[in-house]
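Containing mmCIF, C-alpha atoms (C1' of nucleotides): final-v2.cif.
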```
data_data
loop_
_atom_site.label_atom_id
_atom_site.label_comp_id
_atom_site.auth_asym_id
_atom_site.auth_seq_id
_atom_site.Cartn_x
_atom_site.Cartn_y
_atom_site.Cartn_z
CA MET B 1 6.11 -10.53 5.16
CA PRO B 2 3.77 -11.78 7.82
CA GLU B 3 2.15 -9.13 9.96
CA LEU B 4 -0.69 -9.56 12.43
CA PRO B 5 -3.38 -10.69 9.95
CA GLU B 6 -1.12 -13.31 8.39
CA VAL B 7 -0.03 -14.62 11.79
CA GLU B 8 -3.67 -14.77 12.87
CA ALA B 9 -4.50 -16.86 9.80
CA VAL B 10 -1.64 -19.19 10.70
CA ARG B 11 -2.91 -19.37 14.29
CA LEU B 12 -6.37 -20.44 13.13
CA GLY B 13 -4.92 -23.06 10.81
CA VAL B 14 -2.62 -24.49 13.46
CA GLU B 15 -5.47 -24.54 15.96
CA SER B 16 -7.76 -26.52 13.71
CA LEU B 17 -5.14 -29.08 12.70
CA PHE B 18 -2.71 -29.46 15.59
CA ALA B 19 -4.19 -28.37 18.94
CA HIS B 20 -4.27 -31.14 21.57
CA ARG B 21 -1.96 -33.42 19.62
CA ARG B 22 1.10 -35.05 21.11
CA ILE B 23 4.51 -34.69 19.52
CA ALA B 24 6.29 -37.98 18.91
CA MET B 25 9.36 -36.77 17.06
CA VAL B 26 11.22 -33.53 16.46
CA HIS B 27 13.73 -32.92 13.68
CA VAL B 28 15.76 -29.72 13.53
CA PHE B 29 17.24 -29.52 10.05
CA ASP B 30 18.82 -26.10 10.57
CA GLU B 31 19.94 -25.01 14.02
CA ARG B 32 19.63 -21.35 13.10
CA SER B 33 15.85 -21.72 13.18
CA VAL B 34 16.00 -22.45 16.92
CA SER B 35 18.67 -19.87 17.73
CA ARG B 36 16.30 -18.13 20.09
CA HIS B 37 15.78 -21.31 22.03
CA ASN B 38 17.83 -21.15 25.18
CA GLY B 39 19.70 -24.45 25.11
CA GLY B 40 20.23 -25.16 21.45
CA ALA B 41 18.78 -27.64 19.00
CA GLU B 42 19.50 -30.70 21.10
CA ASP B 43 17.67 -29.35 24.14
CA PHE B 44 14.83 -28.12 21.93
CA THR B 45 14.38 -31.58 20.45
CA ARG B 46 14.68 -33.45 23.75
CA THR B 47 12.31 -31.13 25.64
CA LEU B 48 9.60 -30.98 22.99
CA THR B 49 9.43 -34.70 22.29
CA GLY B 50 6.46 -36.28 24.05
CA LEU B 51 4.68 -33.02 24.90
CA GLU B 52 1.16 -32.09 23.84
CA LEU B 53 0.34 -28.84 22.08
CA GLY B 54 -2.34 -26.62 23.62
CA GLU B 55 -4.45 -24.03 21.84
CA PRO B 56 -2.39 -21.41 20.00
CA ASP B 57 -2.37 -17.83 21.25
CA ARG B 58 -1.03 -14.69 19.63
CA ARG B 59 0.07 -11.17 20.46
CA GLY B 60 1.04 -8.99 17.54
CA LYS B 61 3.26 -11.12 15.34
CA PHE B 62 4.21 -13.56 18.09
CA LEU B 63 2.46 -16.94 18.04
CA TRP B 64 2.73 -19.61 20.70
CA LEU B 65 1.29 -22.95 21.72
CA PRO B 66 1.20 -23.80 25.44
CA LEU B 67 2.90 -27.12 26.14
CA HIS B 68 1.42 -29.84 28.32
CA GLY B 69 3.10 -32.88 29.76
CA ASP B 70 6.26 -33.60 31.63
CA LEU B 71 7.34 -30.03 32.34
CA THR B 72 8.40 -28.49 35.65
CA THR B 73 7.23 -24.98 34.73
CA SER B 74 4.65 -23.62 32.37
CA ALA B 75 6.10 -23.10 28.91
CA ALA B 76 5.07 -22.66 25.30
CA LEU B 77 6.36 -23.41 21.84
CA LEU B 78 6.97 -19.88 20.56
CA ALA B 79 7.03 -19.12 16.86
CA HIS B 80 8.02 -15.89 15.20
CA LEU B 81 7.79 -16.01 11.42
CA GLY B 82 10.17 -13.12 10.82
CA MET B 83 10.19 -12.23 7.14
CA SER B 84 9.64 -15.56 5.50
CA GLY B 85 8.66 -18.11 8.14
CA GLN B 86 5.77 -20.48 7.50
CA LEU B 87 4.08 -23.20 9.50
CA LEU B 88 2.90 -25.82 7.05
CA ALA B 89 0.93 -29.02 7.44
CA HIS B 90 2.30 -32.01 5.59
CA ASP B 91 1.90 -35.76 5.51
CA LEU B 92 5.56 -36.59 5.56
CA ALA B 93 7.30 -39.61 6.95
CA ALA B 94 9.34 -38.60 9.99
CA ASP B 95 12.52 -39.70 8.24
CA ALA B 96 11.74 -38.18 4.83
CA PRO B 97 14.47 -35.76 3.67
CA PRO B 98 13.74 -32.08 4.37
CA LEU B 99 11.87 -30.02 1.78
CA ARG B 100 13.62 -27.03 0.21
CA HIS B 101 13.28 -24.51 3.06
CA GLU B 102 12.02 -26.83 5.74
CA ARG B 103 14.00 -26.13 8.92
CA VAL B 104 12.11 -27.96 11.68
CA ARG B 105 9.65 -30.84 11.52
CA LEU B 106 7.28 -32.05 14.23
CA THR B 107 5.79 -35.50 13.79
CA PHE B 108 2.73 -36.42 15.82
CA ALA B 109 2.05 -39.47 17.93
CA ASP B 110 -1.44 -40.15 16.65
CA THR B 111 -2.07 -41.26 13.09
CA SER B 112 -4.39 -38.43 12.02
CA SER B 113 -3.62 -36.43 8.92
CA PRO B 114 -1.73 -34.14 8.65
CA GLN B 115 0.98 -36.19 10.23
CA THR B 116 3.60 -33.43 10.40
CA LEU B 117 3.86 -29.72 11.16
CA SER B 118 6.88 -28.06 9.58
CA PHE B 119 8.55 -24.72 10.08
CA HIS B 120 9.75 -23.41 6.74
CA ASP B 121 11.90 -20.29 6.48
CA GLN B 122 13.80 -19.10 3.46
CA ARG B 123 15.59 -16.18 5.05
CA LEU B 124 15.99 -17.40 8.60
CA PHE B 125 14.73 -14.27 10.31
CA GLY B 126 12.08 -16.37 11.99
CA SER B 127 12.55 -18.84 14.80
CA LEU B 128 11.03 -21.43 17.07
CA ALA B 129 11.79 -21.66 20.77
CA ILE B 130 10.50 -23.26 23.91
CA ASP B 131 9.96 -20.33 26.22
CA PRO B 132 8.62 -20.04 29.79
CA LEU B 133 5.21 -18.43 30.19
CA ILE B 134 4.80 -15.45 32.50
CA ASP B 135 1.79 -13.42 33.61
CA ASP B 136 0.91 -10.80 31.02
CA PRO B 137 2.85 -7.67 32.05
CA PHE B 138 0.27 -5.53 30.26
CA ALA B 139 -2.76 -6.94 32.09
CA ALA B 140 -4.76 -4.18 33.78
CA SER B 141 -3.24 -3.47 37.16
CA SER B 142 -6.49 -3.49 39.13
CA ARG B 143 -7.01 -6.87 40.73
CA ALA B 144 -10.57 -7.21 39.50
CA ALA B 145 -9.52 -6.79 35.90
CA LYS B 146 -6.36 -8.88 36.27
CA SER B 147 -6.33 -11.26 33.37
CA ARG B 148 -5.01 -14.76 33.79
CA ARG B 149 -3.46 -14.63 30.39
CA GLN B 150 0.12 -15.70 30.10
CA VAL B 151 2.66 -14.71 27.50
CA PRO B 152 6.11 -16.08 26.65
CA THR B 153 9.03 -14.17 28.19
CA GLN B 154 10.31 -13.29 24.72
CA ALA B 155 7.03 -11.51 23.98
CA GLY B 156 6.79 -9.90 27.41
CA HIS B 157 7.81 -6.46 26.20
CA ILE B 158 5.48 -6.51 23.19
CA ALA B 159 2.48 -4.21 23.61
CA PRO B 160 -1.07 -5.53 23.21
CA ASP B 161 -2.25 -5.51 19.61
CA PRO B 162 -5.28 -3.66 18.21
CA LEU B 163 -7.38 -6.82 18.05
CA GLU B 164 -7.13 -7.67 21.74
CA PRO B 165 -10.32 -6.98 23.71
CA ALA B 166 -8.40 -4.80 26.17
CA PHE B 167 -7.04 -2.56 23.41
CA ASP B 168 -8.00 1.07 24.00
CA ALA B 169 -7.80 3.32 20.96
CA ASP B 170 -7.49 6.56 22.93
CA ASP B 171 -4.68 5.11 25.06
CA ALA B 172 -2.94 3.92 21.90
CA ALA B 173 -3.26 7.37 20.34
CA ARG B 174 -1.74 8.90 23.45
CA ALA B 175 1.08 6.33 23.40
CA ILE B 176 1.85 7.24 19.79
CA ARG B 177 1.92 10.95 20.59
CA SER B 178 4.27 10.41 23.51
CA HIS B 179 7.08 9.64 21.07
CA ARG B 180 9.08 12.21 19.17
CA SER B 181 10.07 10.05 16.17
CA ALA B 182 8.45 9.97 12.76
CA VAL B 183 4.97 8.55 13.15
CA LYS B 184 5.70 5.58 10.88
CA ARG B 185 8.62 4.57 13.03
CA VAL B 186 6.33 4.66 16.06
CA LEU B 187 3.71 2.51 14.29
CA LEU B 188 6.41 -0.08 13.62
CA ASP B 189 7.58 -0.04 17.26
CA GLN B 190 6.08 -3.24 18.69
CA THR B 191 6.39 -1.91 22.25
CA VAL B 192 3.89 0.89 21.44
CA ILE B 193 1.29 -1.07 19.42
CA SER B 194 2.09 -4.55 18.18
CA GLY B 195 1.27 -6.37 14.98
CA ILE B 196 1.95 -3.65 12.41
CA GLY B 197 4.63 -4.12 9.76
CA ASN B 198 5.66 -2.15 6.72
CA ILE B 199 2.64 -2.97 4.54
CA TYR B 200 -0.10 -2.19 7.03
CA ALA B 201 1.78 0.85 8.34
CA ASP B 202 1.76 2.37 4.86
CA GLU B 203 -1.87 1.37 4.29
CA SER B 204 -3.00 2.83 7.63
CA LEU B 205 -1.13 6.10 7.10
CA TRP B 206 -2.65 6.38 3.65
CA ALA B 207 -6.16 5.73 4.99
CA ALA B 208 -5.74 8.36 7.72
CA ARG B 209 -4.04 10.83 5.34
CA VAL B 210 -1.01 11.12 7.59
CA HIS B 211 2.49 11.71 6.21
CA PRO B 212 4.76 8.84 7.34
CA GLU B 213 7.51 11.18 8.47
CA GLN B 214 5.41 13.61 10.45
CA GLY B 215 6.59 13.74 14.05
CA ALA B 216 4.32 11.56 16.18
CA ASP B 217 4.25 14.18 18.92
CA THR B 218 2.98 16.82 16.47
CA LEU B 219 -0.26 14.93 15.82
CA SER B 220 -3.34 16.16 17.62
CA GLN B 221 -5.05 13.58 19.81
CA ARG B 222 -7.90 13.66 17.32
CA ARG B 223 -5.65 12.91 14.37
CA ALA B 224 -3.69 10.26 16.24
CA ARG B 225 -6.99 8.67 17.21
CA SER B 226 -8.12 8.66 13.59
CA LEU B 227 -4.82 6.98 12.65
CA VAL B 228 -5.40 4.31 15.29
CA ASP B 229 -8.92 3.81 13.94
CA ALA B 230 -7.41 3.36 10.47
CA VAL B 231 -4.97 0.78 11.81
CA VAL B 232 -7.81 -1.15 13.44
CA ALA B 233 -9.93 -1.02 10.27
CA VAL B 234 -7.07 -2.09 8.01
CA LEU B 235 -6.09 -4.98 10.29
CA HIS B 236 -9.71 -6.12 10.71
CA ARG B 237 -10.27 -6.14 6.98
CA ALA B 238 -7.08 -8.11 6.39
CA VAL B 239 -7.92 -10.63 9.12
CA ALA B 240 -11.39 -11.08 7.63
CA VAL B 241 -9.91 -12.24 4.31
CA GLY B 242 -7.12 -14.26 5.88
CA GLY B 243 -4.18 -11.94 5.32
CA THR B 244 -2.41 -10.71 2.26
CA SER B 245 0.94 -11.00 0.57
CA PHE B 246 2.91 -9.64 -2.33
CA ASP B 247 4.94 -12.69 -3.10
CA ASP B 248 4.43 -16.35 -2.40
CA GLN B 249 6.41 -16.21 0.84
CA TYR B 250 3.15 -16.26 2.71
CA ARG B 251 0.98 -19.33 2.62
CA HIS B 252 -1.80 -20.60 4.82
CA VAL B 253 -1.03 -23.66 6.90
CA ASN B 254 -2.70 -25.81 4.25
CA GLY B 255 -0.49 -24.29 1.55
CA GLU B 256 -3.16 -22.02 0.08
CA SER B 257 -1.89 -18.59 -0.94
CA GLY B 258 -3.06 -15.31 0.57
CA TYR B 259 -1.86 -13.64 -2.61
CA PHE B 260 -3.53 -10.31 -3.34
CA ALA B 261 -6.42 -11.12 -1.05
CA ILE B 262 -6.37 -7.46 -0.06
CA GLU B 263 -6.48 -4.50 -2.34
CA LEU B 264 -3.55 -2.27 -1.43
CA ASN B 265 -3.91 1.48 -1.86
CA ALA B 266 -0.35 2.63 -1.26
CA TYR B 267 2.08 -0.19 -0.55
CA GLY B 268 4.02 -1.24 -3.64
CA ARG B 269 2.09 1.14 -5.88
CA GLN B 270 4.83 3.69 -6.57
CA GLY B 271 4.14 5.62 -9.76
CA GLN B 272 0.54 4.42 -9.94
CA PRO B 273 -2.37 6.77 -9.27
CA CYS B 274 -3.57 7.29 -5.73
CA PRO B 275 -7.05 5.68 -5.55
CA ARG B 276 -8.31 8.77 -3.73
CA CYS B 277 -6.89 11.75 -5.62
CA GLY B 278 -5.27 10.28 -8.72
CA GLY B 279 -1.84 11.74 -8.02
CA PRO B 280 1.17 9.41 -8.26
CA ILE B 281 2.08 7.31 -5.22
CA ARG B 282 5.63 7.98 -4.13
CA ARG B 283 8.17 5.52 -2.77
CA VAL B 284 10.93 6.79 -0.52
CA SER B 285 13.65 5.08 1.45
CA PHE B 286 12.96 5.12 5.18
CA MET B 287 14.56 3.16 8.02
CA ASN B 288 16.34 0.79 5.65
CA ARG B 289 13.04 -0.07 4.01
CA SER B 290 10.46 1.66 1.83
CA SER B 291 7.60 4.01 2.49
CA HIS B 292 4.78 4.36 -0.01
CA PHE B 293 2.46 7.33 0.27
CA CYS B 294 0.52 9.93 -1.64
CA PRO B 295 2.34 13.27 -1.35
CA ARG B 296 -0.87 15.07 -2.32
CA CYS B 297 -3.26 13.69 0.27
CA GLN B 298 -0.74 12.83 2.97
CA ARG B 299 0.74 16.23 3.74
CA ARG B 300 3.16 16.89 6.53
CA ARG B 301 1.50 19.35 8.89
"C1'" DA R 1 16.21 7.55 28.69
"C1'" DA R 2 14.99 8.12 24.22
"C1'" DC R 3 16.19 7.51 19.89
"C1'" DC R 4 18.44 5.58 15.82
"C1'" DT R 5 21.56 2.58 12.92
"C1'" DA R 6 23.64 -1.61 11.63
"C1'" DT R 7 23.06 -6.36 11.41
"C1'" DC R 8 21.26 -10.87 10.72
"C1'" DC R 9 19.76 -13.90 6.22
"C1'" DT R 10 18.50 -15.92 1.37
"C1'" DG R 11 16.64 -15.74 -3.17
"C1'" DC R 12 15.13 -13.26 -6.89
"C1'" DC R 13 15.57 -9.89 -10.37
"C1'" DC R 14 18.04 -6.67 -12.88
"C1'" DG R 15 21.81 -4.91 -15.77
"C1'" DC R 16 26.15 -5.76 -17.76
"C1'" DT O 1 25.67 -17.57 -19.28
"C1'" DG O 2 27.38 -15.88 -15.11
"C1'" DC O 3 28.17 -12.52 -11.82
"C1'" DG O 4 27.48 -8.66 -8.76
"C1'" DG O 5 24.43 -5.32 -6.74
"C1'" DG O 6 20.06 -4.03 -4.98
"C1'" DC O 7 16.10 -5.20 -2.68
"C1'" DA O 8 12.64 -7.39 0.46
"C1'" DG O 9 12.21 -5.99 6.27
"C1'" DG O 10 11.14 -7.92 11.74
"C1'" DA O 11 13.57 -7.59 15.75
"C1'" DT O 12 17.33 -6.36 18.43
"C1'" DA O 13 22.24 -5.29 20.03
"C1'" DG O 14 24.72 -1.60 20.70
"C1'" DG O 15 25.72 2.96 19.59
"C1'" DT O 16 24.87 8.13 20.41
#
```

Just dump the structure as structure tokens.
Amino acid sequence: MPELPEVEAVRLGVESLFAHRRIAMVHVFDERSVSRHNGGAEDFTRTLTGLELGEPDRRGKFLWLPLHGDLTTSAALLAHLGMSGQLLAHDLAADAPPLRHERVRLTFADTSSPQTLSFHDQRLFGSLAIDPLIDDPFAASSRAAKSRRQVPTQAGHIAPDPLEPAFDADDAARAIRSHRSAVKRVLLDQTVISGIGNIYADESLWAARVHPEQGADTLSQRRARSLVDAVVAVLHRAVAVGGTSFDDQYRHVNGESGYFAIELNAYGRQGQPCPRCGGPIRRVSFMNRSSHFCPRCQRRR
DNA sequence: AACCTATCCTGCCCGC
DNA sequence: TGCGGGCAGGATAGGT
């Protein structure tokens, strides 16, 4: 389940192996993996062929590579990994049959290794698309601070993530408190803060000793700020070790696993002792998924 | 307008 | 051995 740290690891891998390379051939093995491309698989293939990939950028869980070449407007190859998407480097012949969950294959014009970049996705929640780039809607409004950064239209509504230089922890704490829902729901809302998924939401709430179902608007600014600080710390730690994963859905671009790279304190530890107080971690159903927390040190206030 | 629920999808793991 | 149910959950369409 790739969240910000996993996507960042993928970004780094893609940058080192595929930036500035020209695409010679595109194979879409499953059209559902380009369902968010406006124009379908045929247009995706035709447009992308012959273009050069720029340096990958990321906001939250959205990853994109600016495209250079015969294009009338500025656009990027946008990737969202969803639940099980992977970008993997291979040395495959362009006409080799698809691997088990390989949905899209890019073959490069030069002869460097790796020769191919493939999008794998078991559960098809992820997607690739060619998407126009627009000025960052979240860039500071003052002209002096106006960033030249561009983002794909499909990521235009996604809030800046905690690792962006412009991220302001006090503003983020205020944004969280401006919502009336359960605080965990707000953490998972990518239009408030982006990049957080179920694992790091649970880990951050545990670290800040906040009950996942406490109303976001009932947190003091001080407590909300300490939650944001926990989010930043958790994400930084995970990025530093290259992400984490529970299963082998998540792999680095070179195929290496991020398995258990991070020690988890709450997520997936139901019934096991809380590392802080020793009481049992509880798992409850929440928003069609699971919440893991320590009822003893994460009290609803 | 803010908030929330259902839905998409596949494979694995469990119990029968 | 096979089958059905539950589970994993990011993003969003469409409901209240």

Got a sec to resolve the PyMOL selection byres ((chain B and resi 201) around 9) on this structure and send the residues as a ChimeraX atom specification? /B:184,187-188,196-200,202-206,212,231,267,291

Near chain R, which residues of chain B fall within 9 Å when you count all atoms listed in the file, and what do they look like as a list in words?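 The contacting residues on chain B are Gln122, Arg123, Leu124, Phe125, His179, Arg180, Ser181 and Met287 of chain B.
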
What residues in chain B lie within 7 Å of chain O, counting all atoms listed in the file, written as a PyMOL selection string? chain B and resi 82-83+289

Write out as JSON, numbers by chain which residues come within 12 Å of B:Cys297 when counting all atoms listed in the file, dropping same-chain ones fewer than 2 positions away. {"B": [205, 206, 207, 208, 209, 210, 211, 212, 266, 273, 274, 275, 276, 277, 278, 279, 280, 281, 282, 293, 294, 295, 299, 300, 301]}

Residue members of the PyMOL selection byres ((chain B and resi 253) around 7) in the file shown, as a PyMOL selection string: chain B and resi 10+13-14+87-89+251-252+254-255
